[in-house]
file query-v2.csv (CSV, C-alpha atoms and all ligand atoms)
chain,number,residue,atom,x,y,z
A,120,MET,CA,65.2,86.5,105.9
A,121,VAL,CA,64.1,87.8,109.2
A,122,LYS,CA,60.8,89.5,109.3
A,123,ILE,CA,60.7,92.9,110.9
A,124,THR,CA,58.1,91.7,113.4
A,125,ASN,CA,60.6,89.3,114.9
A,126,LEU,CA,62.6,92.2,116.2
A,127,CYS,CA,62.5,93.7,119.7
A,128,THR,CA,60.6,97.0,119.4
A,129,SER,CA,63.1,98.6,121.8
A,130,CYS,CA,66.6,97.5,120.9
A,131,VAL,CA,65.7,96.1,117.4
A,132,HIS,CA,67.5,92.8,117.9
A,133,ILE,CA,66.1,89.5,117.0
A,134,ILE,CA,64.0,88.0,119.8
A,135,THR,CA,65.3,84.5,120.3
A,136,ASN,CA,63.5,83.3,123.4
A,137,PRO,CA,60.2,85.1,123.2
A,138,ILE,CA,58.5,85.5,126.6
A,139,CYS,CA,55.4,87.8,126.8
A,140,PRO,CA,55.0,90.6,129.2
A,141,TYR,CA,52.4,88.6,131.2
A,142,CYS,CA,54.7,85.7,131.8
A,143,PHE,CA,57.6,87.9,132.4
A,144,SER,CA,55.8,90.1,135.0
A,145,LYS,CA,54.6,86.9,136.7
A,146,GLN,CA,58.3,85.8,137.1
A,147,VAL,CA,59.2,89.3,138.5
A,148,ILE,CA,56.4,89.3,141.0
A,149,THR,CA,57.2,85.7,142.1
A,150,TRP,CA,60.8,86.7,142.6
A,151,LEU,CA,59.9,89.7,144.7
A,152,ARG,CA,57.4,87.8,146.8
A,153,ASP,CA,60.0,86.6,149.4
A,154,LYS,CA,62.0,89.9,149.4
A,155,ASN,CA,60.0,91.5,152.2
A,156,ILE,CA,58.7,94.4,150.2
A,157,SER,CA,55.9,96.5,151.7
A,158,ALA,CA,52.4,96.0,150.2
A,159,TYR,CA,52.4,99.6,149.1
A,160,LYS,CA,55.7,99.3,147.2
A,161,MET,CA,54.6,96.0,145.8
A,162,SER,CA,51.4,97.5,144.4
A,163,ASN,CA,53.4,100.3,142.8
A,164,ILE,CA,55.7,97.7,141.1
A,165,LYS,CA,52.7,95.8,139.9
A,166,ARG,CA,51.1,99.0,138.5
A,167,TYR,CA,54.3,99.8,136.5
A,168,LEU,CA,54.6,96.2,135.3
A,169,LYS,CA,51.0,96.4,134.1
A,170,LYS,CA,52.0,99.5,132.1
A,171,LEU,CA,54.7,97.4,130.4
A,172,ILE,CA,52.0,94.9,129.4
A,173,ILE,CA,49.8,97.6,128.0
A,174,GLU,CA,52.7,99.1,126.0
A,175,ALA,CA,53.3,95.6,124.6
A,176,GLU,CA,49.8,95.3,123.5
A,177,GLU,CA,50.0,98.6,121.6
A,178,THR,CA,52.9,97.3,119.6
A,179,PRO,CA,51.9,93.7,118.7
A,180,SER,CA,54.2,91.4,116.9
A,181,ASP,CA,53.8,88.0,115.1
A,182,ILE,CA,55.8,86.2,117.7
A,183,ARG,CA,54.0,84.1,120.3
A,184,CYS,CA,55.2,83.5,123.8
A,185,ILE,CA,57.1,80.2,124.3
A,186,VAL,CA,55.6,79.9,127.8
A,187,CYS,CA,51.9,80.5,127.5
A,188,GLY,CA,51.8,80.4,123.7
A,189,SER,CA,48.9,82.8,123.4
A,190,LYS,CA,50.2,86.2,124.1
A,191,ARG,CA,52.3,88.3,121.8
A,192,VAL,CA,55.9,89.4,122.5
A,193,ASN,CA,57.3,92.8,121.6
A,194,LEU,CA,60.4,93.0,123.7
A,195,CYS,CA,63.5,90.8,124.1
A,196,ILE,CA,64.4,89.4,127.6
A,197,HIS,CA,67.2,91.9,127.8
A,198,CYS,CA,65.0,94.9,127.3
A,199,PHE,CA,62.3,93.5,129.6
A,200,THR,CA,64.9,92.9,132.4
A,201,ASN,CA,66.1,96.5,131.9
A,202,LYS,CA,62.7,97.9,132.2
A,203,ALA,CA,61.8,95.8,135.2
A,204,THR,CA,65.1,96.8,136.9
A,205,LYS,CA,64.2,100.5,136.5
A,206,ILE,CA,60.8,99.8,138.0
A,207,ILE,CA,62.2,97.9,141.0
A,208,GLU,CA,64.9,100.5,141.5
A,209,LYS,CA,62.3,103.2,142.0
A,210,ASN,CA,60.4,101.1,144.6
A,211,THR,CA,62.9,99.2,146.6
A,212,ASP,CA,66.4,99.6,148.0
A,213,GLU,CA,69.9,98.9,146.6
A,214,GLU,CA,70.2,95.5,148.1
A,215,ILE,CA,67.1,94.2,146.3
A,216,ILE,CA,68.1,95.6,143.0
A,217,ASN,CA,71.6,94.1,143.3
A,218,ASN,CA,70.0,90.7,144.0
A,219,PHE,CA,67.6,91.1,141.2
A,220,ASN,CA,70.4,91.8,138.7
A,221,GLU,CA,72.3,88.7,139.9
A,222,ASP,CA,69.4,86.3,140.1
A,223,PHE,CA,67.1,87.3,137.4
A,224,ASN,CA,69.1,86.7,134.3
A,225,THR,CA,69.5,83.1,135.3
A,226,ILE,CA,65.9,82.7,136.5
A,227,ILE,CA,64.3,83.9,133.3
A,228,TRP,CA,66.2,81.5,131.2
A,229,ARG,CA,65.0,78.6,133.3
A,230,VAL,CA,61.3,79.4,132.8
A,231,HIS,CA,60.9,77.4,129.6
A,301,ZN,ZN,65.4,94.3,123.1
A,302,ZN,ZN,53.3,84.2,127.9
call {"tool": "encode", "arguments": {"input": "query-v2.csv", "output": "structure tokens"}}
result
Amino acid sequence: MVKITNLCTSCVHIITNPICPYCFSKQVITWLRDKNISAYKMSNIKRYLKKLIIEAEETPSDIRCIVCGSKRVNLCIHCFTNKATKIIEKNTDEEIINNFNEDFNTIIWRVH
């Protein structure tokens, strides 16, 4: 039986490759680093990503991150990517968001 705490708090699907918001955000920021984004926009993006992390801490689960092993995971990769896409969308242009959608799904699966 699957425990309720193994489910993504957003889409309520089972989290199969748990990556915590810290490790996830780190990947997003690394990806954005060579995209020529202004420092101002970058700090906006980082601020929003931090909000995601705080939200995750407010809804803790039993699942530990497979990358760092210490933080808790509350969202599946799919929902994380969706939320990150919205954040980047607000702060960058269409070209970057198109690249992000293309690249990121592959990148995040290579992390572990
Ligand atoms: Zn989800
Ligand atoms: Zn982690």
call {"tool": "closest_atom_pairs", "arguments": {"input": "query-v2.csv", "of": "region 170-229 of chain A", "to": "region 142-158 of chain A", "cutoff": "9 Å", "atoms": "all atoms listed in the file", "output": "JSON lines"}}
result
{"residue": "A:Leu171", "atom": "CA", "partner": "A:Ser144", "partner_atom": "CA", "distance": 8.7}
{"residue": "A:Ile172", "atom": "CA", "partner": "A:Ser144", "partner_atom": "CA", "distance": 8.3}
{"residue": "A:Cys184", "atom": "CA", "partner": "A:Cys142", "partner_atom": "CA", "distance": 8.3}
{"residue": "A:Val186", "atom": "CA", "partner": "A:Cys142", "partner_atom": "CA", "distance": 7.1}
{"residue": "A:Cys187", "atom": "CA", "partner": "A:Cys142", "partner_atom": "CA", "distance": 7.3}
{"residue": "A:Lys190", "atom": "CA", "partner": "A:Cys142", "partner_atom": "CA", "distance": 8.9}
{"residue": "A:Ile196", "atom": "CA", "partner": "A:Phe143", "partner_atom": "CA", "distance": 8.5}
{"residue": "A:Phe199", "atom": "CA", "partner": "A:Phe143", "partner_atom": "CA", "distance": 7.8}
{"residue": "A:Thr200", "atom": "CA", "partner": "A:Phe143", "partner_atom": "CA", "distance": 8.8}
{"residue": "A:Ala203", "atom": "CA", "partner": "A:Val147", "partner_atom": "CA", "distance": 7.7}
{"residue": "A:Asn210", "atom": "CA", "partner": "A:Ile156", "partner_atom": "CA", "distance": 8.9}
{"residue": "A:Thr211", "atom": "CA", "partner": "A:Ile156", "partner_atom": "CA", "distance": 7.3}
{"residue": "A:Ile215", "atom": "CA", "partner": "A:Lys154", "partner_atom": "CA", "distance": 7.4}
{"residue": "A:Phe219", "atom": "CA", "partner": "A:Trp150", "partner_atom": "CA", "distance": 8.2}
{"residue": "A:Asp222", "atom": "CA", "partner": "A:Trp150", "partner_atom": "CA", "distance": 9.0}
{"residue": "A:Phe223", "atom": "CA", "partner": "A:Trp150", "partner_atom": "CA", "distance": 8.2}
{"residue": "A:Ile226", "atom": "CA", "partner": "A:Gln146", "partner_atom": "CA", "distance": 8.2}
{"residue": "A:Ile227", "atom": "CA", "partner": "A:Gln146", "partner_atom": "CA", "distance": 7.4}
call {"tool": "closest_atom_pairs", "arguments": {"input": "query-v2.csv", "of": "chain A", "to": "ligand ZN 301 (chain A)", "cutoff": "12 Å", "atoms": "all atoms listed in the file", "output": "CSV"}}
result
residue,atom,partner,partner_atom,distance
A:Asn125,CA,A:ZN301,ZN,10.7
A:Leu126,CA,A:ZN301,ZN,7.7
A:Cys127,CA,A:ZN301,ZN,4.5
A:Thr128,CA,A:ZN301,ZN,6.6
A:Ser129,CA,A:ZN301,ZN,5.0
A:Cys130,CA,A:ZN301,ZN,4.1
A:Val131,CA,A:ZN301,ZN,6.0
A:His132,CA,A:ZN301,ZN,5.8
A:Ile133,CA,A:ZN301,ZN,7.8
A:Ile134,CA,A:ZN301,ZN,7.2
A:Thr135,CA,A:ZN301,ZN,10.2
A:Asn136,CA,A:ZN301,ZN,11.2
A:Pro137,CA,A:ZN301,ZN,10.6
A:Ile138,CA,A:ZN301,ZN,11.7
A:Val192,CA,A:ZN301,ZN,10.7
A:Asn193,CA,A:ZN301,ZN,8.4
A:Leu194,CA,A:ZN301,ZN,5.2
A:Cys195,CA,A:ZN301,ZN,4.1
A:Ile196,CA,A:ZN301,ZN,6.7
A:His197,CA,A:ZN301,ZN,5.6
A:Cys198,CA,A:ZN301,ZN,4.3
A:Phe199,CA,A:ZN301,ZN,7.2
A:Thr200,CA,A:ZN301,ZN,9.4
A:Asn201,CA,A:ZN301,ZN,9.1
A:Lys202,CA,A:ZN301,ZN,10.2
call {"tool": "closest_residue", "arguments": {"input": "query-v2.csv", "among": "A:Lys209, A:Cys139, A:Thr204, A:Met161", "to": "Glu176 (chain A)", "atoms": "only C-alpha atoms"}}
result
A:Cys139
call {"tool": "atom_distance", "arguments": {"input": "query-v2.csv", "atom1": "CA of Tyr159 (chain A)", "atom2": "CA of Glu208 (chain A)"}}
result
14.7 Å
call {"tool": "atom_distance", "arguments": {"input": "query-v2.csv", "atom1": "CA of Arg166 (chain A)", "atom2": "CA of Asn218 (chain A)"}}
result
21.4 Å
call {"tool": "closest_residue", "arguments": {"input": "query-v2.csv", "among": "A:Ile216, A:Ile207, A:Tyr141, A:Arg191", "to": "Lys169 (chain A)", "atoms": "all atoms listed in the file"}}
result
A:Tyr141
call {"tool": "closest_residue", "arguments": {"input": "query-v2.csv", "among": "A:Lys205, A:Lys165, A:Arg183, A:Arg229", "to": "ligand ZN 302 (chain A)", "atoms": "only C-alpha atoms and all ligand atoms"}}
result
A:Arg183
call {"tool": "closest_residue", "arguments": {"input": "query-v2.csv", "among": "A:Asn217, A:Ser180, A:Asn163, A:Ser189", "to": "ligand ZN 302 (chain A)", "atoms": "all atoms listed in the file"}}
result
A:Ser189
call {"tool": "atom_distance", "arguments": {"input": "query-v2.csv", "atom1": "CA of Tyr167 (chain A)", "atom2": "CA of Thr225 (chain A)"}}
result
22.6 Å
call {"tool": "axis_aligned_box", "arguments": {"input": "query-v2.csv", "around": "region 144-157 of chain A", "padding_each_side": "8 Å", "output": "lines of an AutoDock Vina configuration file"}}
result
center_x = 58.3
center_y = 91.1
center_z = 143.6
size_x = 23.4
size_y = 26.8
size_z = 33.2
